[in-house]
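The data block below is work.txt; it holds compact mmCIF, C-alpha atoms and all ligand atoms.
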```
# COMPACT_ATOMS: atom_id res chain seq x y z
CA MET A 1 148.45 84.12 140.12
CA ALA A 2 151.96 82.88 140.86
CA PHE A 3 155.36 83.34 139.30
CA VAL A 4 158.31 81.03 138.89
CA THR A 5 161.79 82.20 138.09
CA HIS A 6 163.82 80.12 135.69
CA TYR A 7 166.72 80.60 133.37
CA VAL A 8 166.60 80.73 129.58
CA ARG A 9 169.48 80.76 127.15
CA ARG A 10 169.34 83.60 124.66
CA GLY A 11 172.29 83.51 122.30
CA PHE A 12 175.36 83.04 124.44
CA SER A 13 174.06 84.46 127.68
CA SER A 14 171.52 83.27 130.22
CA SER A 15 169.11 85.56 132.00
CA ALA A 16 166.54 85.14 134.74
CA VAL A 17 162.98 85.34 133.46
CA ARG A 18 159.75 85.08 135.39
CA SER A 19 156.81 83.32 133.92
CA VAL A 20 153.20 83.24 135.06
CA VAL A 21 152.06 79.90 136.43
CA ILE A 22 148.87 79.17 134.57
CA LYS A 23 146.17 77.37 136.50
CA ASN A 24 142.84 78.83 135.37
CA VAL A 25 142.27 78.86 131.64
CA THR A 26 139.37 80.25 129.66
CA ILE A 27 138.96 78.93 126.14
CA ILE A 28 136.69 80.91 123.84
CA GLY A 29 135.18 78.80 121.07
CA GLY A 30 134.14 75.22 121.70
CA GLY A 31 134.55 73.95 118.13
CA LEU A 32 137.12 71.56 116.74
CA MET A 33 140.12 73.36 118.22
CA GLY A 34 138.68 74.90 121.39
CA ALA A 35 137.28 71.56 122.56
CA GLY A 36 140.63 69.88 121.88
CA ILE A 37 142.58 72.56 123.75
CA ALA A 38 140.12 72.35 126.65
CA GLN A 39 140.61 68.58 126.76
CA VAL A 40 144.40 68.67 126.97
CA ALA A 41 144.39 71.55 129.45
CA ALA A 42 141.87 69.74 131.67
CA SER A 43 143.72 66.44 131.48
CA THR A 44 146.90 68.18 132.68
CA GLY A 45 145.17 69.54 135.78
CA HIS A 46 144.09 73.02 134.67
CA SER A 47 140.75 74.45 135.64
CA VAL A 48 139.11 75.18 132.30
CA THR A 49 136.11 77.28 131.37
CA LEU A 50 134.96 76.65 127.82
CA VAL A 51 132.93 79.46 126.27
CA ASP A 52 130.72 79.44 123.20
CA THR A 53 127.63 81.21 121.97
CA SER A 54 124.98 78.68 123.07
CA ASP A 55 124.43 75.92 125.58
CA ASP A 56 123.61 73.50 122.76
CA ILE A 57 127.02 74.03 121.16
CA LEU A 58 128.70 73.65 124.54
CA LYS A 59 126.84 70.40 125.24
CA LYS A 60 128.15 69.08 121.93
CA SER A 61 131.68 70.27 122.78
CA VAL A 62 131.65 68.47 126.13
CA LYS A 63 130.30 65.31 124.49
CA GLY A 64 133.12 65.54 121.95
CA ILE A 65 135.69 65.97 124.72
CA GLU A 66 134.32 62.92 126.53
CA GLY A 67 134.45 60.86 123.33
CA SER A 68 137.98 61.98 122.55
CA VAL A 69 139.35 61.38 126.06
CA LYS A 70 137.81 57.90 125.94
CA ARG A 71 139.74 57.23 122.71
CA VAL A 72 142.95 58.38 124.40
CA VAL A 73 142.22 56.23 127.46
CA LYS A 74 141.46 53.16 125.33
CA LYS A 75 144.99 53.36 123.89
CA LYS A 76 146.95 54.72 126.84
CA PHE A 77 145.35 52.82 129.69
CA ALA A 78 144.36 49.58 127.96
CA ASP A 79 145.83 47.61 130.90
CA LYS A 80 144.77 50.06 133.63
CA PRO A 81 141.01 50.66 133.31
CA GLU A 82 140.81 52.33 136.75
CA ALA A 83 143.48 54.90 135.87
CA GLY A 84 141.66 55.46 132.60
CA GLU A 85 138.33 56.06 134.35
CA GLU A 86 140.11 58.43 136.74
CA LEU A 87 141.40 60.49 133.81
CA ILE A 88 137.95 60.68 132.22
CA GLN A 89 136.45 61.91 135.50
CA LYS A 90 139.32 64.39 136.04
CA VAL A 91 138.83 65.90 132.60
CA LEU A 92 135.07 66.21 133.00
CA GLN A 93 135.44 67.73 136.48
CA ASN A 94 138.04 70.24 135.31
CA VAL A 95 135.90 71.57 132.45
CA SER A 96 133.05 73.96 133.08
CA THR A 97 131.14 75.83 130.40
CA SER A 98 129.74 79.31 129.97
CA THR A 99 128.04 81.47 127.37
CA ASP A 100 129.28 84.61 129.13
CA ALA A 101 132.89 85.26 128.08
CA GLY A 102 133.11 88.41 130.21
CA LEU A 103 132.23 86.53 133.36
CA ALA A 104 134.43 83.54 132.48
CA VAL A 105 137.65 85.54 132.10
CA ARG A 106 137.38 87.19 135.51
CA GLY A 107 139.38 84.48 137.29
CA SER A 108 141.62 83.53 134.38
CA ASP A 109 145.39 83.41 134.13
CA LEU A 110 145.16 82.70 130.40
CA VAL A 111 142.51 83.21 127.73
CA VAL A 112 142.91 81.13 124.56
CA GLU A 113 140.73 82.25 121.68
CA ALA A 114 139.66 79.64 119.11
CA ILE A 115 136.69 81.27 117.38
CA VAL A 116 136.04 81.87 113.69
CA GLU A 117 139.06 82.94 111.59
CA ASN A 118 137.95 86.54 111.08
CA LEU A 119 140.06 89.51 112.17
CA LYS A 120 137.23 91.90 113.06
CA ILE A 121 135.35 89.28 115.12
CA LYS A 122 138.52 88.31 117.01
CA GLN A 123 139.43 91.98 117.61
CA ASP A 124 135.94 92.77 118.92
CA LEU A 125 136.05 89.82 121.28
CA PHE A 126 139.46 90.73 122.69
CA ALA A 127 138.57 94.44 122.98
CA THR A 128 135.63 93.45 125.20
CA LEU A 129 137.60 90.93 127.25
CA ASP A 130 140.46 93.39 127.75
CA LYS A 131 138.17 95.54 129.88
CA LEU A 132 136.95 92.62 131.99
CA ALA A 133 139.94 90.33 132.55
CA PRO A 134 142.35 90.90 135.44
CA ALA A 135 145.54 92.82 134.65
CA HIS A 136 147.79 89.74 134.85
CA THR A 137 145.73 87.64 132.41
CA ILE A 138 147.56 86.61 129.25
CA PHE A 139 145.59 86.59 126.00
CA ALA A 140 146.45 84.16 123.20
CA SER A 141 144.93 83.50 119.80
CA ASN A 142 144.93 80.13 118.05
CA THR A 143 144.66 81.86 114.67
CA SER A 144 145.89 79.88 111.66
CA SER A 145 146.67 82.74 109.35
CA LEU A 146 145.93 86.17 110.81
CA SER A 147 148.56 88.49 112.20
CA VAL A 148 148.68 88.16 115.98
CA SER A 149 149.79 91.83 116.18
CA ASP A 150 146.66 92.88 114.29
CA ILE A 151 144.43 90.90 116.64
CA ALA A 152 146.25 92.23 119.72
CA SER A 153 145.93 95.82 118.52
CA SER A 154 142.34 95.98 119.77
CA THR A 155 143.58 95.61 123.36
CA SER A 156 145.70 97.61 125.76
CA ARG A 157 147.72 94.56 126.85
CA LEU A 158 150.11 94.21 123.93
CA ASP A 159 152.83 92.86 126.23
CA ARG A 160 150.51 90.14 127.53
CA PHE A 161 149.32 88.95 124.13
CA GLY A 162 150.68 86.16 121.94
CA GLY A 163 149.78 83.36 119.58
CA LEU A 164 149.30 79.74 120.67
CA HIS A 165 148.79 77.76 117.51
CA PHE A 166 147.70 74.19 118.19
CA PHE A 167 147.26 71.55 115.49
CA ASN A 168 144.24 69.41 114.75
CA PRO A 169 143.49 66.94 116.34
CA VAL A 170 144.83 68.67 119.45
CA PRO A 171 144.96 65.57 121.70
CA MET A 172 147.17 63.78 119.13
CA MET A 173 149.35 66.49 117.60
CA LYS A 174 152.44 67.32 119.63
CA LEU A 175 153.31 70.63 118.02
CA VAL A 176 152.35 74.07 119.35
CA GLU A 177 153.64 77.21 117.66
CA VAL A 178 154.16 80.00 120.15
CA ILE A 179 154.04 83.38 118.45
CA GLY A 180 155.37 86.49 120.10
CA THR A 181 154.73 89.87 118.47
CA SER A 182 157.24 92.71 118.69
CA ALA A 183 155.34 93.89 121.78
CA THR A 184 154.97 90.53 123.55
CA SER A 185 157.00 90.56 126.77
CA GLN A 186 159.59 87.88 127.42
CA GLU A 187 157.59 86.90 130.51
CA THR A 188 154.46 86.32 128.42
CA PHE A 189 156.34 84.40 125.76
CA ASP A 190 158.00 82.18 128.37
CA SER A 191 154.68 81.63 130.12
CA LEU A 192 153.14 80.43 126.85
CA MET A 193 156.12 78.15 126.18
CA SER A 194 155.91 76.69 129.72
CA PHE A 195 152.14 76.24 129.47
CA SER A 196 152.55 74.32 126.18
CA LYS A 197 155.13 72.06 127.77
CA VAL A 198 152.90 71.40 130.79
CA LEU A 199 150.23 70.29 128.29
CA GLY A 200 152.70 67.67 127.06
CA LYS A 201 153.30 69.50 123.78
CA THR A 202 156.47 70.54 122.01
CA PRO A 203 156.41 74.30 121.55
CA VAL A 204 158.33 76.02 118.77
CA SER A 205 158.53 79.63 117.77
CA CYS A 206 157.69 80.00 114.08
CA LYS A 207 155.13 80.83 111.43
CA VAL A 208 152.73 78.43 109.71
CA ARG A 209 151.89 78.07 106.02
CA PHE A 210 149.60 75.64 104.22
CA THR A 211 151.15 75.62 100.80
CA ILE A 212 150.30 71.97 100.19
CA ILE A 213 146.58 72.53 100.81
CA ILE A 214 146.53 75.69 98.72
CA VAL A 215 148.34 74.13 95.77
CA ALA A 216 145.99 71.14 95.98
CA VAL A 217 142.73 73.10 95.86
CA SER A 218 144.08 75.11 92.90
CA CYS A 219 145.17 71.99 91.02
CA HIS A 220 143.33 70.14 88.27
CA ALA A 221 144.20 66.48 88.94
CA SER A 222 141.52 64.42 90.69
CA LYS A 223 141.37 64.80 94.47
CA GLU A 224 141.69 61.04 94.91
CA ASP A 225 144.88 60.94 92.80
CA ILE A 226 146.43 63.88 94.64
CA ASP A 227 145.58 62.40 98.05
CA ILE A 228 146.95 58.99 97.11
CA ALA A 229 150.12 60.54 95.67
CA MET A 230 150.82 62.58 98.80
CA LYS A 231 150.16 59.62 101.11
CA LEU A 232 152.06 56.97 99.20
CA GLY A 233 154.68 59.22 97.61
CA ALA A 234 155.37 61.71 100.37
CA GLY A 235 154.40 59.71 103.46
CA TYR A 236 151.69 62.12 104.60
CA PRO A 237 149.10 60.59 106.99
CA MET A 238 146.32 62.38 105.07
CA GLY A 239 146.23 63.78 101.55
CA PRO A 240 145.59 67.53 101.18
CA PHE A 241 141.88 67.12 100.32
CA GLU A 242 141.29 64.76 103.25
CA LEU A 243 143.19 67.19 105.47
CA SER A 244 141.16 70.17 104.20
CA ASP A 245 137.95 68.31 105.08
CA TYR A 246 139.45 67.51 108.48
CA VAL A 247 140.47 71.14 109.17
CA GLY A 248 137.10 72.47 107.90
CA LEU A 249 136.54 74.03 104.47
CA ASP A 250 135.02 77.14 106.08
CA THR A 251 138.26 77.67 107.95
CA ILE A 252 140.36 76.95 104.82
CA LYS A 253 138.32 79.55 102.91
CA PHE A 254 138.79 82.16 105.67
CA ILE A 255 142.53 81.51 105.52
CA MET A 256 142.74 81.69 101.71
CA ASP A 257 140.57 84.82 101.50
CA GLY A 258 142.72 86.50 104.14
CA TRP A 259 145.92 85.75 102.26
CA SER A 260 144.36 86.71 98.94
CA ALA A 261 143.42 90.12 100.41
CA MET A 262 147.01 90.62 101.56
CA ASP A 263 148.59 89.43 98.29
CA PRO A 264 145.90 89.75 95.59
CA ASP A 265 148.21 89.15 92.61
CA ASN A 266 149.62 85.90 93.93
CA PRO A 267 148.16 83.09 91.76
CA LEU A 268 148.48 80.69 94.71
CA PHE A 269 145.68 82.58 96.48
CA ALA A 270 143.34 82.85 93.46
CA GLN A 271 139.74 81.89 94.23
CA SER A 272 138.96 78.18 93.92
CA GLU A 273 135.51 77.74 92.37
CA LEU A 274 135.12 74.29 93.87
CA LEU A 275 136.04 75.42 97.38
CA ASN A 276 133.68 78.41 97.11
CA LYS A 277 130.85 76.19 95.87
CA LEU A 278 131.25 73.65 98.68
CA VAL A 279 131.37 76.36 101.35
CA ALA A 280 128.32 78.13 99.86
CA GLU A 281 126.44 74.80 100.07
CA GLY A 282 127.41 74.39 103.74
CA LYS A 283 129.66 71.43 102.90
CA TYR A 284 132.46 72.20 105.34
CA GLY A 285 134.05 68.74 105.45
CA LYS A 286 134.02 66.14 108.19
CA LYS A 287 132.18 68.37 110.67
CA THR A 288 129.11 68.67 108.42
CA GLY A 289 129.28 65.18 106.93
CA GLU A 290 130.40 66.31 103.47
CA GLY A 291 133.16 68.36 101.89
CA PHE A 292 135.47 67.19 99.14
CA TYR A 293 134.43 63.71 100.31
CA LYS A 294 131.24 62.31 101.88
CA TYR A 295 131.34 61.00 105.46
CA LYS A 296 127.78 59.77 106.01
C1 LIG B 1 144.69 74.61 110.04
C2 LIG B 1 145.78 74.89 111.01
O1 LIG B 1 145.92 76.05 111.46
C3 LIG B 1 146.80 73.91 111.47
C4 LIG B 1 146.43 72.45 111.41
O2 LIG B 1 146.01 71.91 112.39
S1 LIG B 1 146.70 71.65 109.96
C5 LIG B 1 146.25 69.97 110.38
C6 LIG B 1 147.39 69.26 111.07
N1 LIG B 1 146.98 67.89 111.29
C7 LIG B 1 147.37 66.89 110.48
O3 LIG B 1 148.17 67.08 109.57
C8 LIG B 1 146.72 65.58 110.79
C9 LIG B 1 147.16 64.52 109.80
N2 LIG B 1 146.54 63.25 110.19
C10 LIG B 1 147.06 62.48 111.16
O4 LIG B 1 148.09 62.77 111.76
C11 LIG B 1 146.34 61.19 111.45
O5 LIG B 1 145.57 60.87 110.32
C12 LIG B 1 145.40 61.29 112.71
C13 LIG B 1 146.27 61.44 113.98
C14 LIG B 1 144.42 62.44 112.63
C15 LIG B 1 144.55 60.04 112.83
O6 LIG B 1 145.36 58.91 112.87
P1 LIG B 1 145.12 57.66 111.90
O7 LIG B 1 146.01 56.58 112.38
O8 LIG B 1 145.27 58.18 110.51
O9 LIG B 1 143.60 57.29 112.02
P2 LIG B 1 142.63 56.79 113.18
O10 LIG B 1 142.56 55.30 113.07
O11 LIG B 1 141.39 57.61 113.02
O12 LIG B 1 143.25 57.19 114.54
C16 LIG B 1 144.21 56.41 115.22
C17 LIG B 1 144.11 56.66 116.67
O13 LIG B 1 144.46 58.02 116.93
C18 LIG B 1 143.72 58.47 118.08
N3 LIG B 1 142.91 59.62 117.71
C19 LIG B 1 142.67 60.10 116.46
N4 LIG B 1 141.93 61.21 116.52
C20 LIG B 1 141.70 61.45 117.83
C21 LIG B 1 141.01 62.46 118.54
N5 LIG B 1 140.40 63.48 117.93
N6 LIG B 1 140.97 62.38 119.89
C22 LIG B 1 141.58 61.37 120.54
N7 LIG B 1 142.25 60.38 119.93
C23 LIG B 1 142.31 60.43 118.59
C24 LIG B 1 142.89 57.36 118.55
O14 LIG B 1 143.60 56.63 119.51
C25 LIG B 1 142.71 56.55 117.28
O15 LIG B 1 142.38 55.23 117.54
P3 LIG B 1 140.79 54.80 117.62
O16 LIG B 1 140.23 55.11 116.26
O17 LIG B 1 140.86 53.37 117.94
O18 LIG B 1 140.13 55.62 118.66
N1 LIG B 2 140.40 73.52 112.15
C1 LIG B 2 141.71 73.42 112.26
O1 LIG B 2 142.31 72.42 111.84
C2 LIG B 2 142.50 74.50 112.91
C3 LIG B 2 141.94 75.74 113.18
N2 LIG B 2 142.71 76.71 113.80
C4 LIG B 2 142.14 78.02 114.12
O2 LIG B 2 141.37 77.88 115.32
C5 LIG B 2 140.23 78.76 115.28
C6 LIG B 2 138.96 77.93 115.47
O3 LIG B 2 138.89 76.97 114.44
P1 LIG B 2 137.93 75.69 114.57
O4 LIG B 2 137.90 75.21 115.97
O5 LIG B 2 138.30 74.77 113.49
O6 LIG B 2 136.52 76.36 114.23
P2 LIG B 2 135.05 75.79 114.54
O7 LIG B 2 134.17 76.42 113.53
O8 LIG B 2 135.07 74.32 114.69
O9 LIG B 2 134.73 76.41 115.98
C7 LIG B 2 134.61 77.78 116.25
C8 LIG B 2 133.67 77.94 117.43
O10 LIG B 2 133.71 79.30 117.87
C9 LIG B 2 132.40 79.68 118.25
N3 LIG B 2 132.32 81.14 118.20
C10 LIG B 2 132.31 81.94 117.11
N4 LIG B 2 132.29 83.24 117.49
C11 LIG B 2 132.30 83.23 118.86
C12 LIG B 2 132.30 84.25 119.85
N5 LIG B 2 132.30 85.56 119.52
N6 LIG B 2 132.32 83.89 121.16
C13 LIG B 2 132.34 82.58 121.50
N7 LIG B 2 132.35 81.58 120.60
C14 LIG B 2 132.33 81.90 119.30
C15 LIG B 2 131.50 78.98 117.22
O11 LIG B 2 130.17 78.86 117.69
C16 LIG B 2 132.21 77.63 117.09
O12 LIG B 2 131.71 76.67 118.00
C17 LIG B 2 140.32 79.52 113.95
O13 LIG B 2 141.00 80.72 114.18
C18 LIG B 2 141.16 78.57 113.08
O14 LIG B 2 141.83 79.23 112.06
C19 LIG B 2 144.01 76.49 114.20
C20 LIG B 2 144.58 75.26 113.99
C21 LIG B 2 143.89 74.19 113.30
```
Please lay out the structure from this file as structure tokens.
Amino acid sequence: MAFVTHYVRRGFSSSAVRSVVIKNVTIIGGGLMGAGIAQVAASTGHSVTLVDTSDDILKKSVKGIEGSVKRVVKKKFADKPEAGEELIQKVLQNVSTSTDAGLAVRGSDLVVEAIVENLKIKQDLFATLDKLAPAHTIFASNTSSLSVSDIASSTSRLDRFGGLHFFNPVPMMKLVEVIGTSATSQETFDSLMSFSKVLGKTPVSCKVRFTIIIVAVSCHASKEDIDIAMKLGAGYPMGPFELSDYVGLDTIKFIMDGWSAMDPDNPLFAQSELLNKLVAEGKYGKKTGEGFYKYK
């Protein structure tokens, strides 16, 4: 572990703040987001351990990382194939995998959690890791919709806990939302901001909402018409149904159910029969080959 001292402006005054230099990162969850976060962390020189529940899933994650970094290289190093090959090798060397989260966090400066969007499961994971990770290790959740304070409450390191909300696809999307709870220390917050910048991202401190997706799944026009309207009329790169398939309908349902539980009378969060049906049939979107649209 190392510290740097730098100056931040808060209001009209500046104050010296230390932030943890993050070198070793454990990422829990090797799905869409975890694999993407592992890729960008590895390509910016971090030593990454990617954790999931089985070796088969992890093999798929690493294959996905390799495929994605090759896409980046094809664009970025079109004229410099050797530099491109070097980056591919660097990423693959910097990523190791494990099915033992407790073991993986032992040498970590930062743990980023990107598992299923379920409060109890995230709390249980962090409660276990809290007992095993070194005292200095910062914990961060990539949650889309849950309260970071609620997740952190299962640990005894409230000051070293925050949200790091990346966007999908992680290698392409520049934004990272850094979320500090009322208990997050300034040092932790600054460390998460610095880490995001080192990854080449633009960190901001704010909350996220998916009103467009929610309005779309509750709406009665055809999905094709809504997607075309949002792309051609509003300049969105993907329409809300395409984007829902891209995010994962299982994740969208976790988010909507969570908000519905918090605000049951809000018609925006009313159950969508179509969404429920697709999820019940295992049609989660692009990752399973079918969601609102078919991808096979
Ligand atoms: C749920 C949450 O909590 C928060 C969220 O993340 S919400 C989701 C936020 N994300 C968005 O809104 C994404 C909206 N979509 C987009 O920005 C774009 O459609 C996109 C960047 C995903 C793809 O770009 P595109 O131009 O539409 O399509 P596409 O031709 O597939 O990609 C262009 C290039 O981007 C790059 N690219 C796209 N996806 C990539 C990936 N996963 N890895 C690496 N490179 C990628 C590649 O260079 C690709 O070129 P090749 O196909 O030749 O490899
Ligand atoms: N899909 C998206 O566009 C975005 C998702 N998020 C958030 O990121 C998190 C992950 O989402 P995705 O990557 O899309 O999900 P995903 O379903 O693609 O991947 C989740 C992975 O976590 C693994 N996992 C589940 N429980 C685990 C445990 N206890 N220990 C280790 N691994 C475990 C699963 O096997 C799976 O591989 C969620 O909180 C989601 O809300 C945030 C931004 C965008």
What residues have any atom no more than 6 Å from ligand LIG 2 (chain B) when counting all atoms listed in the file, and can you list them as a list in words?
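Result of the 6 Å neighbour search around ligand LIG 2 (chain B): Ile28, Gly29, Gly30, Gly31, Leu32, Met33, Gly34, Val51, Asp52, Thr53, Ala114, Ile115, Val116, Glu117, Leu125, Asn142, Thr143, Ser144, His165, Phe166, Phe167, Asn168, Val247, Gly248 and Thr251 of chain A.
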What's the separation between CA of Pro81 in chain A and CA of Gly45 in chain A, in Å to one decimal place?
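Straight-line distance from CA of Pro81 in chain A to CA of Gly45 in chain A works out to 19.5 Å.
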Per-axis box centre and lengths in Å around range 288-292 of chain A, 8 Å margin per side, axis-aligned, as JSON:
```
{"center_x": 132.3, "center_y": 66.9, "center_z": 103.8, "size_x": 22.4, "size_y": 19.5, "size_z": 25.3}
```
Which of A:Leu92, A:Ala104, A:Leu164, A:Ala270 sits closest to ligand LIG 1 (chain B) [using all atoms listed in the file]
A:Leu164
List as JSON, numbers by chain: which residues have an atom within 12 Å of (140.1, 83.3, 95.4), counting all atoms listed in the file?
{"A": [214, 217, 218, 252, 253, 254, 255, 256, 257, 258, 259, 260, 261, 262, 263, 264, 265, 266, 267, 268, 269, 270, 271, 272, 273, 274, 275, 276, 277]}
Could you give me the residues within 6 Å of ligand LIG 1 (chain B), counting only C-alpha atoms and all ligand atoms, as a list in words?
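Checked against 6 Å with only C-alpha atoms and all ligand atoms; the hits are Ser68, Val69, Arg71, Val72, Lys75, Ser144, Phe167, Asn168, Pro169, Pro171, Met172, Pro237, Met238 and Val247 of chain A.
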Could you check how far CA of Glu224 in chain A sits from CA of Tyr246 in chain A, in Å to one decimal?
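Computed distance, CA of Glu224 in chain A to CA of Tyr246 in chain A, equals 15.2 Å.
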With distances taken over only C-alpha atoms, the candidate from A:Asn118, A:Thr188, A:Ser145, A:Lys296 nearest Gly162 in chain A is A:Thr188
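CA of Ile88 in chain A sits 24.0 Å away from CA of Ser54 in chain A.
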Taking all atoms listed in the file into account, name the residue in A:Leu243, A:Leu87, A:Ala140, A:Val204 that is nearest to Lys223 in chain A.
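The closest residue to Lys223 in chain A is A:Leu243.
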Using all atoms listed in the file, which residues sit within 7 Å of Phe241 in chain A once same-chain residues fewer than 2 positions away are excluded, as a PyMOL selection string?
chain A and resi 223+227+239+243-245+292
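With only C-alpha atoms as the atoms that count, the minimum distance from Gly200 in chain A to the choices A:Glu86, A:Met173, A:Ala152, A:Thr184 is reached by A:Met173.
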Rank A:Pro240, A:Val176, A:Gln93, A:Val73 by their smallest atom-to-atom distance to Thr49 in chain A, using all atoms listed in the file, and report the top residue only.
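The shortest atom-to-atom distance to Thr49 in chain A comes from A:Gln93.
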Completion of range 245-265 of chain A up to N, CA and C atoms, as an mmCIF file, in the coordinates of the input:
```cif
data_model
loop_
_atom_site.group_PDB
_atom_site.id
_atom_site.type_symbol
_atom_site.label_atom_id
_atom_site.label_comp_id
_atom_site.auth_asym_id
_atom_site.auth_seq_id
_atom_site.Cartn_x
_atom_site.Cartn_y
_atom_site.Cartn_z
ATOM 1 N N ASP A 245 139.237 68.709 104.488
ATOM 2 C CA ASP A 245 137.950 68.310 105.080
ATOM 3 C C ASP A 245 138.073 68.191 106.597
ATOM 4 N N TYR A 246 139.222 67.729 107.054
ATOM 5 C CA TYR A 246 139.450 67.510 108.480
ATOM 6 C C TYR A 246 139.582 68.845 109.219
ATOM 7 N N VAL A 247 140.295 69.793 108.596
ATOM 8 C CA VAL A 247 140.470 71.140 109.170
ATOM 9 C C VAL A 247 139.145 71.886 109.160
ATOM 10 N N GLY A 248 138.366 71.731 108.073
ATOM 11 C CA GLY A 248 137.100 72.470 107.900
ATOM 12 C C GLY A 248 137.252 73.406 106.700
ATOM 13 N N LEU A 249 136.391 73.219 105.684
ATOM 14 C CA LEU A 249 136.540 74.030 104.470
ATOM 15 C C LEU A 249 136.184 75.487 104.723
ATOM 16 N N ASP A 250 135.321 75.746 105.714
ATOM 17 C CA ASP A 250 135.020 77.140 106.080
ATOM 18 C C ASP A 250 136.279 77.828 106.588
ATOM 19 N N THR A 251 137.020 77.112 107.420
ATOM 20 C CA THR A 251 138.260 77.670 107.950
ATOM 21 C C THR A 251 139.298 77.850 106.833
ATOM 22 N N ILE A 252 139.405 76.849 105.948
ATOM 23 C CA ILE A 252 140.360 76.950 104.820
ATOM 24 C C ILE A 252 140.013 78.178 103.969
ATOM 25 N N LYS A 253 138.713 78.392 103.742
ATOM 26 C CA LYS A 253 138.320 79.550 102.910
ATOM 27 C C LYS A 253 138.652 80.865 103.622
ATOM 28 N N PHE A 254 138.408 80.939 104.938
ATOM 29 C CA PHE A 254 138.790 82.160 105.670
ATOM 30 C C PHE A 254 140.298 82.425 105.505
ATOM 31 N N ILE A 255 141.073 81.351 105.615
ATOM 32 C CA ILE A 255 142.530 81.510 105.520
ATOM 33 C C ILE A 255 142.914 81.997 104.124
ATOM 34 N N MET A 256 142.359 81.334 103.093
ATOM 35 C CA MET A 256 142.740 81.690 101.710
ATOM 36 C C MET A 256 142.267 83.094 101.362
ATOM 37 N N ASP A 257 141.069 83.470 101.794
ATOM 38 C CA ASP A 257 140.570 84.820 101.500
ATOM 39 C C ASP A 257 141.439 85.879 102.183
ATOM 40 N N GLY A 258 141.865 85.559 103.394
ATOM 41 C CA GLY A 258 142.720 86.500 104.140
ATOM 42 C C GLY A 258 144.036 86.713 103.409
ATOM 43 N N TRP A 259 144.637 85.630 102.956
ATOM 44 C CA TRP A 259 145.920 85.750 102.260
ATOM 45 C C TRP A 259 145.741 86.418 100.897
ATOM 46 N N SER A 260 144.629 86.108 100.239
ATOM 47 C CA SER A 260 144.360 86.710 98.940
ATOM 48 C C SER A 260 144.215 88.232 99.094
ATOM 49 N N ALA A 261 143.578 88.671 100.192
ATOM 50 C CA ALA A 261 143.420 90.120 100.410
ATOM 51 C C ALA A 261 144.786 90.774 100.644
ATOM 52 N N MET A 262 145.693 90.038 101.276
ATOM 53 C CA MET A 262 147.010 90.620 101.560
ATOM 54 C C MET A 262 147.920 90.610 100.337
ATOM 55 N N ASP A 263 147.692 89.607 99.441
ATOM 56 C CA ASP A 263 148.590 89.430 98.290
ATOM 57 C C ASP A 263 147.743 89.076 97.063
ATOM 58 N N PRO A 264 146.926 90.055 96.585
ATOM 59 C CA PRO A 264 145.900 89.750 95.590
ATOM 60 C C PRO A 264 146.437 89.239 94.254
ATOM 61 N N ASP A 265 147.690 89.577 93.925
ATOM 62 C CA ASP A 265 148.210 89.150 92.610
ATOM 63 C C ASP A 265 148.874 87.783 92.649
#
```
